[in-house]
Every structure is written in structure tokens, then in C-alpha cells.
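Novice: Just passing along the structure, written as C-alpha cells.
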Amino acid sequence: MKAVLCERLGGPETLVIAEIARPEPGPGEVLVSVAAAALNFFDTLIIEGRYQFRPELPFSPGAEFAGTVLAVGEGVELFEPGDRVMGYVRWGAVREAVIASEDDLVPVPDAVPLEAAAGLSVTYGTTLHAYRDRAGLAEGETVAVLGASGGVGLAAVEVAKAMGARVIACASSAEKLALAREHGADELVNYDEEDLKLRLKELTHGAGVDVVYDPVGGRYTEQALRATGWRGRYLVVGFAAGDIPKLPLNLVMLKGCDVLGVFWGDAIVREPDEHRDSMAQLLDWVASGTIVPHVDGIYPLEETPLALRRLAERKARGKVIIRP
């Protein structure tokens with residue numbers, strides 16, 4: 001079978017397309033034919049050895065996928081050949097078939113396209129975990145989403161709307177904000193042209209926002225924290241800007257607010273039942289049209305380096321999908 005391999009650490013252009021033996025599932029394992037794999041920004045880091053996970057070489061990028069079960073190993077009870085599934089494996093999905101443990105997989109209803117399911121686990125899973133399990137987001141509350149046009153940002157807009165929140169999308173251009181509006185944002189803030197703190201305060205009549213969703217970090221973090229209201233919740237999701245900000249903790253004290261870490265990758269291991277509930281909820285929302293994952297582009301296996309370069313250069317708007 002064909003696979004995209006990282007044989008030496010480096011940028012997207014160092015990846016190779018190789019023919020490798022198709023694996024056989026062992027006890028508790030499932031072999032899945034990959035219909036679609038989704039890429040994320042962290043894939044650009046993992047192939048350079050700059051991510052928290054450092055797999056042994058060679059490996060394939062791609063943490064999330066969807067497809068059809070080809071074979072199951074001894075002891076597998078939940079799946080059988082022919083089942084439609086989606087999964088998360090940290091790395092290794094950009095290939096024609098992938099091995100996953102039974103616990104890594106979730107069944108996909110017939111009403112959900114596999115290309116949509118492929119991109120749900122990381123961005124949408126992270127977002128629902130952040131809002132529901134960490135922030136306790138309630139219907140009618142106001143959420144400010146930073147970086148609202150990327151894959152995780154658009155997911156944050158859509159999931160907040162699905163949960164009944166008012167959403168203020170924050171991004172750096174009119175084009176990016178227009179995309180956030182298409183996905184349900186109620187208000188827009190261009191933080192390259194407006195003072196983020198002042199504008200968020202204006203849009204909440206001085207009260208401040210209830211929840212900030214921040215996958216960006218960098219120079220806007222403190223401004224957004226200053227715009228939170230009494231007992232607000234600041235969700236630390238990631239640092240796409242590259243800089244990890246330092247916060248003045250007196251703000252946290254004076255606002256009675258919470259700064260909450262969102263580490264979805266560990267949460268799904270520690271809290272598997274909550275993860276399955278989240279995936280079932282997301283699939284229901286997709287099936288009903290409540291959320292419509294935005295696909296930036298679909299690339300053949302051979303163009304994986306091009307797709308990763310688009311992510312690395314921050315040009316992607318929504319999910320980037322590889323179709324083996």
C-alpha cells in the first residue's frame with residue numbers, strides 16, 4: 001500500500017511517498033481503509049521534531065481519519081469488516097490503510113460523509129471538550145473566539161452556536177471574518193485594525209465576555225483576558241502565533257475569572273466516556289446540519305507536502321483533507 005513517510009525530520013518537502021506492506025491487526029486492533037485523513041497545524045511541527053510527540057522514524061503524519069474497517073484482530077467486539085468509522089491515532093493516518101486500537105475508533109452514521117467525519121476528532125473534539133467540560137458554557141452566554149477563521153477557530157464558532165451561545169469572531173482580516181460570519185458568528189472584530197479589549201467591551205456593553213477561546217496566544221492574549229467579565233473563563237487551547245504569553249495574575253484575581261487549560265489529547269485517554277459522548281454529539285450535529293465542517297481543500301496522497309505547506313504558512317481556512 002502507499003504511505004506518506006517522514007524518513008528524516010524536516011519541512012513538508014522532505015516527505016516521501018513509499019510502497020509499504022499492509023499491516024495485519026493484532027489483538028484489540030482494527031485495520032481501517034482510509035477514505036480521508038485530516039491534517040492539522042501540529043503535523044507541520046511533528047515532522048520537524050518540534051512537537052510534544054516524537055515518533056520513531058519513519059512515520060506518517062496525520063492524526064485523524066475516517067474510513068471502512070478491513071479486518072479486526074482477536075478480541076475486538078465493537079467493530080467488524082465493512083463498518084464505517086472515524087479515529088484519532090496521534091500520527092500515522094496519511095496512508096491507504098491504518099492500524100488503530102478498538103478504543104481509538106468511533107462508528108460513523110451513514111448520514112455523515114466520511115470526509116466530514118475525518119476532520120471532527122481534533123478541532124471539533126477539542127472545542128466541545130473546552131466548552132462543555134472545562135468552561136461549562138451555558139446557553140445565552142457570550143464567547144469570543146480568537147483566530148476565528150482557521151480549522152479550530154471555525155469549529156469554535158460553530159460549536160458555540162450549536163450550544164446556544166452568542167459568538168464574537170476575532171481575526172486579522174475582513175476575508176477571514178466573512179468566513180466566520182458564514183459559519184454563524186454574530187459579531188466580528190478585526191484585531192489588526194481595532195483595539196481588541198475595547199471592542200469586546202463595547203460589544204458586551206461594558207460587562208465583558210463570558211468565555212474566551214484562544215488557540216492563538218501571542219500579543220492578543222492579555223487584551224482578551226482584560227475583556228473577560230466577572231467570573232469569566234479563559235480557555236488556553238494553543239499557541240498558533242508561536243509565542244507563549246505570560247499573564248498578569250492580578251487580572252485573574254480582580255475579575256474572579258478562571259484560566260483553564262485545554263489538553264484534549266490527554267483528556268480522551270483519562271476520560272474516554274466523555275470523549276465518546278462528545279464524538280456522538282458532534283456526529284449528530286453534522287448529520288442534522290447543525291454544524292457543517294468547512295473544508296479548505298482536498299488533496300491526493302501525493303500532494304501531502306503541498307497541503308502541509310499551506311498549513312505551515314497559515315493559509316488554510318478550515319480543514320485540510322488528504323484522500324489516499
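Each chain of the C-alpha cells is named A, B, ... in the order shown, its residues numbered from 1; ligands are numbered from 1 in display order.
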Pick out each residue of segment 63-267 of chain A that DSSP on the backbone tags as alpha helix (DSSP H); I need them as a PyMOL selection string.

Specialist: chain A and resi 114-118+123-128+151-162+174-182+196-203+221-226+249-255+264-267

Novice: Taking a cut-off of 10 Å and counting only C-alpha atoms, can you build a table that, for each residue of segment 205-320 of chain A near segment 104-123 of chain A, reports the nearest atom pair and how far apart they are in Å (one decimal), sorted by chain then residue number, as a tab-separated table?

Specialist:
residue	atom	partner	partner_atom	distance
A:Trp264	CA	A:Val122	CA	8.0
A:Gly265	CA	A:Val122	CA	8.3
A:Ile268	CA	A:Asp104	CA	9.5
A:Val269	CA	A:Asp104	CA	9.6
A:Pro272	CA	A:Asp104	CA	9.6
A:His275	CA	A:Ser121	CA	9.5
A:Arg276	CA	A:Val106	CA	7.3
A:Ser278	CA	A:Ser121	CA	9.3
A:Met279	CA	A:Ser121	CA	7.2
A:Ala280	CA	A:Val106	CA	8.2
A:Leu282	CA	A:Leu120	CA	7.5
A:Leu283	CA	A:Val112	CA	7.1
A:Asp284	CA	A:Pro109	CA	8.7
A:Trp285	CA	A:Val112	CA	9.7
A:Val286	CA	A:Val112	CA	6.6
A:Ala287	CA	A:Val112	CA	5.4
A:Ser288	CA	A:Ala111	CA	8.6
A:Gly289	CA	A:Val112	CA	9.7
A:Val292	CA	A:Ala116	CA	8.2
A:Pro293	CA	A:Ala116	CA	6.4
A:His294	CA	A:Ala116	CA	8.5
A:Val295	CA	A:Ala116	CA	8.1
A:Ile298	CA	A:Glu115	CA	9.0
A:Gly318	CA	A:Gly119	CA	9.4
A:Lys319	CA	A:Gly119	CA	6.4
A:Val320	CA	A:Gly119	CA	8.1

Novice: Under the rule of at most 6 Å, produce a per-residue listing of segment 108-218 of chain A near segment 233-241 of chain A: chain, number, name, the closest pair of atoms, and the distance in Å, as CSV, using only C-alpha atoms.

Specialist:
residue,atom,partner,partner_atom,distance
A:Val211,CA,A:Arg233,CA,4.8
A:Val212,CA,A:Tyr234,CA,4.8
A:Tyr213,CA,A:Leu235,CA,5.0
A:Asp214,CA,A:Val236,CA,5.5
A:Pro215,CA,A:Gly238,CA,4.1
A:Val216,CA,A:Ala240,CA,4.5
A:Gly217,CA,A:Phe239,CA,4.6
A:Gly218,CA,A:Ala241,CA,5.5

Novice: Would you save the residues of that selection, restricted to N, CA, C and O atoms, as a PDB file, in the first residue's frame?

Specialist:
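Written file, part_36.pdb:
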ATOM      1  N   VAL A 211     -16.738  33.867  27.995  1.00  0.00           N
ATOM      2  CA  VAL A 211     -15.724  32.855  27.673  1.00  0.00           C
ATOM      3  C   VAL A 211     -14.849  33.373  26.527  1.00  0.00           C
ATOM      4  O   VAL A 211     -15.367  33.920  25.549  1.00  0.00           O
ATOM      5  N   VAL A 212     -13.537  33.202  26.663  1.00  0.00           N
ATOM      6  CA  VAL A 212     -12.604  33.456  25.571  1.00  0.00           C
ATOM      7  C   VAL A 212     -12.021  32.117  25.128  1.00  0.00           C
ATOM      8  O   VAL A 212     -11.542  31.338  25.966  1.00  0.00           O
ATOM      9  N   TYR A 213     -12.062  31.867  23.836  1.00  0.00           N
ATOM     10  CA  TYR A 213     -11.492  30.646  23.254  1.00  0.00           C
ATOM     11  C   TYR A 213     -10.240  31.060  22.492  1.00  0.00           C
ATOM     12  O   TYR A 213     -10.334  31.742  21.467  1.00  0.00           O
ATOM     13  N   ASP A 214      -9.073  30.665  22.995  1.00  0.00           N
ATOM     14  CA  ASP A 214      -7.813  31.175  22.438  1.00  0.00           C
ATOM     15  C   ASP A 214      -6.892  30.052  21.967  1.00  0.00           C
ATOM     16  O   ASP A 214      -6.155  29.465  22.762  1.00  0.00           O
ATOM     17  N   PRO A 215      -6.900  29.769  20.647  1.00  0.00           N
ATOM     18  CA  PRO A 215      -5.944  28.817  20.096  1.00  0.00           C
ATOM     19  C   PRO A 215      -4.699  29.497  19.522  1.00  0.00           C
ATOM     20  O   PRO A 215      -3.881  28.853  18.875  1.00  0.00           O
ATOM     21  N   VAL A 216      -4.577  30.812  19.748  1.00  0.00           N
ATOM     22  CA  VAL A 216      -3.549  31.611  19.067  1.00  0.00           C
ATOM     23  C   VAL A 216      -2.394  31.984  19.980  1.00  0.00           C
ATOM     24  O   VAL A 216      -1.222  31.833  19.634  1.00  0.00           O
ATOM     25  N   GLY A 217      -2.690  32.505  21.183  1.00  0.00           N
ATOM     26  CA  GLY A 217      -1.634  33.012  22.050  1.00  0.00           C
ATOM     27  C   GLY A 217      -1.079  34.313  21.502  1.00  0.00           C
ATOM     28  O   GLY A 217      -1.736  35.027  20.755  1.00  0.00           O
ATOM     29  N   GLY A 218       0.149  34.633  21.877  1.00  0.00           N
ATOM     30  CA  GLY A 218       0.779  35.826  21.335  1.00  0.00           C
ATOM     31  C   GLY A 218       0.240  37.119  21.917  1.00  0.00           C
ATOM     32  O   GLY A 218      -0.246  37.172  23.045  1.00  0.00           O
TER      33      GLY A 218
END

Novice: If you run DSSP on the backbone here, which positions in segment 160-273 of chain A get strand (DSSP E)? Please write them as a VMD selection string.

Specialist: chain A and resid 166 to 171 187 to 190 209 to 214 228 to 236 258 to 261

Novice: So how far away is atom CA of Thr304 of chain A from atom CA of His129 of chain A, in Å?

Specialist: 28.7 Å

Novice: With distances taken over only C-alpha atoms, which of A:Ala100, A:Thr221, A:Asp258, A:Glu187 is nearest to Pro245 of chain A?

Specialist: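 The closest residue to Pro245 of chain A is A:Thr221.
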
Novice: Quick one: everything within 10 Å of Thr14 of chain A, counting only C-alpha atoms, minus sequence neighbours fewer than 5 positions away in the same chain. Send it as an MDAnalysis selection string.

Specialist: chainID A and resid 5:9 47:48 305

Novice: Report as an mmCIF file with N, CA and C atoms, in the first residue's frame all protein, DNA and RNA residues lying within 7 Å of segment 149-159 of chain A, evaluated on only C-alpha atoms, omitting residues in the same chain fewer than 5 positions from it.

Specialist:
data_model
loop_
_atom_site.group_PDB
_atom_site.id
_atom_site.type_symbol
_atom_site.label_atom_id
_atom_site.label_comp_id
_atom_site.auth_asym_id
_atom_site.auth_seq_id
_atom_site.Cartn_x
_atom_site.Cartn_y
_atom_site.Cartn_z
ATOM 1 N N THR A 123 -10.189 19.171 15.984
ATOM 2 C CA THR A 123 -10.649 20.544 16.181
ATOM 3 C C THR A 123 -12.010 20.608 16.861
ATOM 4 N N TYR A 124 -12.960 19.837 16.385
ATOM 5 C CA TYR A 124 -14.294 19.863 16.985
ATOM 6 C C TYR A 124 -14.305 19.146 18.339
ATOM 7 N N THR A 127 -12.812 21.456 20.841
ATOM 8 C CA THR A 127 -13.699 22.577 21.119
ATOM 9 C C THR A 127 -14.851 22.189 22.029
ATOM 10 N N LEU A 128 -15.502 21.061 21.763
ATOM 11 C CA LEU A 128 -16.606 20.646 22.618
ATOM 12 C C LEU A 128 -16.106 20.321 24.027
ATOM 13 N N VAL A 167 -21.715 34.556 19.676
ATOM 14 C CA VAL A 167 -20.315 34.403 19.287
ATOM 15 C C VAL A 167 -19.762 35.685 18.682
ATOM 16 N N ALA A 171 -10.493 38.014 14.213
ATOM 17 C CA ALA A 171 -9.477 37.580 13.259
ATOM 18 C C ALA A 171 -8.797 38.811 12.678
ATOM 19 N N LYS A 176 -11.200 36.807 6.426
ATOM 20 C CA LYS A 176 -11.292 35.773 7.450
ATOM 21 C C LYS A 176 -12.581 35.916 8.260
ATOM 22 N N LEU A 177 -12.929 37.148 8.577
ATOM 23 C CA LEU A 177 -14.134 37.382 9.364
ATOM 24 C C LEU A 177 -15.399 37.044 8.586
ATOM 25 N N LEU A 179 -15.706 34.624 6.514
ATOM 26 C CA LEU A 179 -15.864 33.173 6.606
ATOM 27 C C LEU A 179 -16.451 32.787 7.961
ATOM 28 N N ALA A 180 -15.997 33.442 9.023
ATOM 29 C CA ALA A 180 -16.557 33.177 10.352
ATOM 30 C C ALA A 180 -18.040 33.534 10.401
ATOM 31 N N HIS A 183 -20.220 30.909 9.071
ATOM 32 C CA HIS A 183 -20.369 29.750 9.957
ATOM 33 C C HIS A 183 -21.082 30.095 11.254
ATOM 34 N N GLY A 184 -21.714 31.284 11.301
ATOM 35 C CA GLY A 184 -22.619 31.569 12.396
ATOM 36 C C GLY A 184 -22.230 32.668 13.349
ATOM 37 N N ALA A 185 -21.065 33.302 13.183
ATOM 38 C CA ALA A 185 -20.651 34.338 14.118
ATOM 39 C C ALA A 185 -21.666 35.484 14.138
ATOM 40 N N ILE A 291 -23.926 21.686 12.418
ATOM 41 C CA ILE A 291 -22.582 22.145 12.075
ATOM 42 C C ILE A 291 -22.214 21.571 10.712
ATOM 43 N N ALA A 316 -4.497 28.094 5.374
ATOM 44 C CA ALA A 316 -5.673 27.214 5.381
ATOM 45 C C ALA A 316 -6.830 27.852 6.132
ATOM 46 N N ARG A 317 -8.017 27.738 5.568
ATOM 47 C CA ARG A 317 -9.251 28.198 6.204
ATOM 48 C C ARG A 317 -10.151 26.982 6.375
ATOM 49 N N GLY A 318 -10.179 26.414 7.545
ATOM 50 C CA GLY A 318 -10.929 25.205 7.762
ATOM 51 C C GLY A 318 -10.026 23.982 7.636
ATOM 52 N N LYS A 319 -10.619 22.818 7.429
ATOM 53 C CA LYS A 319 -9.881 21.553 7.452
ATOM 54 C C LYS A 319 -9.171 21.289 6.135
#

Novice: Quote the spacing between atom CA of Ala135 of chain A and atom CA of Arg199 of chain A in Å to one decimal place.

Specialist: 22.5 Å

Novice: Just the residues within 10 Å of segment 223-227 of chain A, please, counting only C-alpha atoms, with nothing from its chain fewer than 4 positions along; format it as a PyMOL selection string.

Specialist: chain A and resi 144-146+195-202+204+206-214+219+232-235+247-248+251-252+255+257-259

Novice: Please save N, CA and C atoms of the selected residues as a compact mmCIF listing (two decimals), in the first residue's frame.

Specialist:
# COMPACT_ATOMS: atom_id res chain seq x y z
N ALA A 144 -15.95 34.88 22.91
CA ALA A 144 -15.05 35.50 21.95
C ALA A 144 -14.08 34.44 21.45
N VAL A 145 -14.01 34.26 20.13
CA VAL A 145 -13.14 33.26 19.52
C VAL A 145 -12.00 33.98 18.82
N LEU A 146 -10.77 33.75 19.26
CA LEU A 146 -9.61 34.31 18.59
C LEU A 146 -9.19 33.37 17.46
N ASP A 195 -8.89 47.94 18.58
CA ASP A 195 -8.40 47.55 19.90
C ASP A 195 -9.28 46.42 20.41
N LEU A 196 -8.69 45.25 20.56
CA LEU A 196 -9.48 44.06 20.89
C LEU A 196 -10.21 44.20 22.22
N LYS A 197 -9.51 44.66 23.24
CA LYS A 197 -10.15 44.78 24.55
C LYS A 197 -11.32 45.76 24.51
N LEU A 198 -11.08 46.94 23.93
CA LEU A 198 -12.13 47.95 23.91
C LEU A 198 -13.33 47.49 23.08
N ARG A 199 -13.07 46.86 21.95
CA ARG A 199 -14.18 46.43 21.09
C ARG A 199 -15.01 45.32 21.76
N LEU A 200 -14.35 44.38 22.42
CA LEU A 200 -15.09 43.34 23.11
C LEU A 200 -15.93 43.93 24.25
N LYS A 201 -15.38 44.91 24.93
CA LYS A 201 -16.14 45.59 25.98
C LYS A 201 -17.36 46.31 25.40
N GLU A 202 -17.17 46.98 24.24
CA GLU A 202 -18.28 47.68 23.60
C GLU A 202 -19.39 46.71 23.22
N THR A 204 -20.21 44.03 24.53
CA THR A 204 -20.88 43.43 25.69
C THR A 204 -21.38 44.52 26.66
N GLY A 206 -19.92 46.80 28.15
CA GLY A 206 -19.04 47.00 29.29
C GLY A 206 -18.92 45.83 30.24
N ALA A 207 -19.77 44.81 30.07
CA ALA A 207 -19.77 43.68 31.01
C ALA A 207 -18.60 42.73 30.80
N GLY A 208 -18.10 42.65 29.57
CA GLY A 208 -17.06 41.69 29.25
C GLY A 208 -17.64 40.36 28.79
N VAL A 209 -16.84 39.58 28.12
CA VAL A 209 -17.30 38.30 27.57
C VAL A 209 -17.26 37.23 28.65
N ASP A 210 -18.12 36.23 28.50
CA ASP A 210 -18.19 35.14 29.46
C ASP A 210 -17.05 34.14 29.25
N VAL A 211 -16.74 33.87 27.99
CA VAL A 211 -15.72 32.86 27.67
C VAL A 211 -14.85 33.37 26.53
N VAL A 212 -13.54 33.20 26.66
CA VAL A 212 -12.60 33.46 25.57
C VAL A 212 -12.02 32.12 25.13
N TYR A 213 -12.06 31.87 23.84
CA TYR A 213 -11.49 30.65 23.25
C TYR A 213 -10.24 31.06 22.49
N ASP A 214 -9.07 30.66 22.99
CA ASP A 214 -7.81 31.17 22.44
C ASP A 214 -6.89 30.05 21.97
N ARG A 219 0.28 38.17 21.12
CA ARG A 219 0.06 39.52 21.63
C ARG A 219 -1.39 39.85 21.98
N GLY A 232 -15.52 35.22 34.36
CA GLY A 232 -15.30 34.74 33.00
C GLY A 232 -14.35 33.55 32.99
N ARG A 233 -14.31 32.88 31.85
CA ARG A 233 -13.42 31.72 31.70
C ARG A 233 -12.58 31.91 30.45
N TYR A 234 -11.27 31.80 30.64
CA TYR A 234 -10.32 31.96 29.53
C TYR A 234 -9.76 30.59 29.18
N LEU A 235 -10.06 30.11 27.97
CA LEU A 235 -9.67 28.78 27.53
C LEU A 235 -8.35 28.84 26.77
N LEU A 247 0.86 35.99 31.65
CA LEU A 247 -0.30 36.76 32.07
C LEU A 247 -0.09 37.40 33.44
N PRO A 248 -0.55 38.64 33.62
CA PRO A 248 -0.53 39.27 34.95
C PRO A 248 -1.64 38.66 35.80
N LEU A 251 -4.98 40.27 37.24
CA LEU A 251 -6.22 40.36 36.46
C LEU A 251 -7.15 39.20 36.80
N VAL A 252 -6.57 38.02 36.94
CA VAL A 252 -7.37 36.84 37.27
C VAL A 252 -8.02 37.02 38.63
N LYS A 255 -10.85 39.95 38.52
CA LYS A 255 -12.04 39.60 37.75
C LYS A 255 -12.75 38.36 38.31
N CYS A 257 -11.94 35.53 37.60
CA CYS A 257 -12.08 34.68 36.40
C CYS A 257 -11.17 33.47 36.50
N ASP A 258 -11.39 32.52 35.60
CA ASP A 258 -10.61 31.29 35.57
C ASP A 258 -9.84 31.22 34.26
N VAL A 259 -8.58 30.82 34.35
CA VAL A 259 -7.78 30.50 33.17
C VAL A 259 -7.69 28.98 33.12

Novice: Using only C-alpha atoms, can you tell me which of A:Glu139, A:Asp277, A:Asp133, A:Glu222 comes closest to Phe263 of chain A?

Specialist: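 Residue with the minimum atom-to-atom distance to Phe263 of chain A: A:Asp133.
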
Novice: With distances taken over only C-alpha atoms, which residue among A:Thr126, A:Glu141, A:Pro300, A:Leu188 lies nearest Ile321 of chain A?

Specialist: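 Smallest distance to Ile321 of chain A is found for A:Pro300.
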
Novice: Excluding segment 72-85 of chain A and residues on its chain fewer than 5 positions from it, collect all residues at most 7 Å away from it, counting only C-alpha atoms, and give them as an MDAnalysis selection string.

Specialist: chainID A and resid 25:31 66:67 102 105:108

Novice: List the spatial neighbours of Tyr51 of chain A as a VMD selection string - criterion: any atom at most 12 Å away, only C-alpha atoms, same-chain residues fewer than 6 positions off excluded.

Specialist: chain A and resid 9 41 to 45 90 to 91

Novice: How would the residues just chosen look if you wrote them out with C-alpha atoms as a PDB file, in the first residue's frame?

Specialist:
ATOM      1  CA  LEU A   9      12.994  15.356  10.212  1.00  0.00           C
ATOM      2  CA  PHE A  41      -1.081  22.539  12.192  1.00  0.00           C
ATOM      3  CA  PHE A  42       0.705  20.265  14.650  1.00  0.00           C
ATOM      4  CA  ASP A  43       1.500  17.924  11.750  1.00  0.00           C
ATOM      5  CA  THR A  44       3.850  20.616  10.422  1.00  0.00           C
ATOM      6  CA  LEU A  45       5.642  20.519  13.798  1.00  0.00           C
ATOM      7  CA  ARG A  90      -1.759  10.951  17.083  1.00  0.00           C
ATOM      8  CA  TRP A  91       0.186  10.201  13.861  1.00  0.00           C
TER       9      TRP A  91
END

Novice: Could you please determine the separation between atom CA of Pro58 of chain A and atom CA of Asp243 of chain A in Å, to one decimal place?

Specialist: 29.3 Å

Novice: For Arg310 of chain A, which residue among A:Ser60, A:Thr290, A:Ser101, A:Asn40 is the nearest when counting only C-alpha atoms?

Specialist: A:Asn40
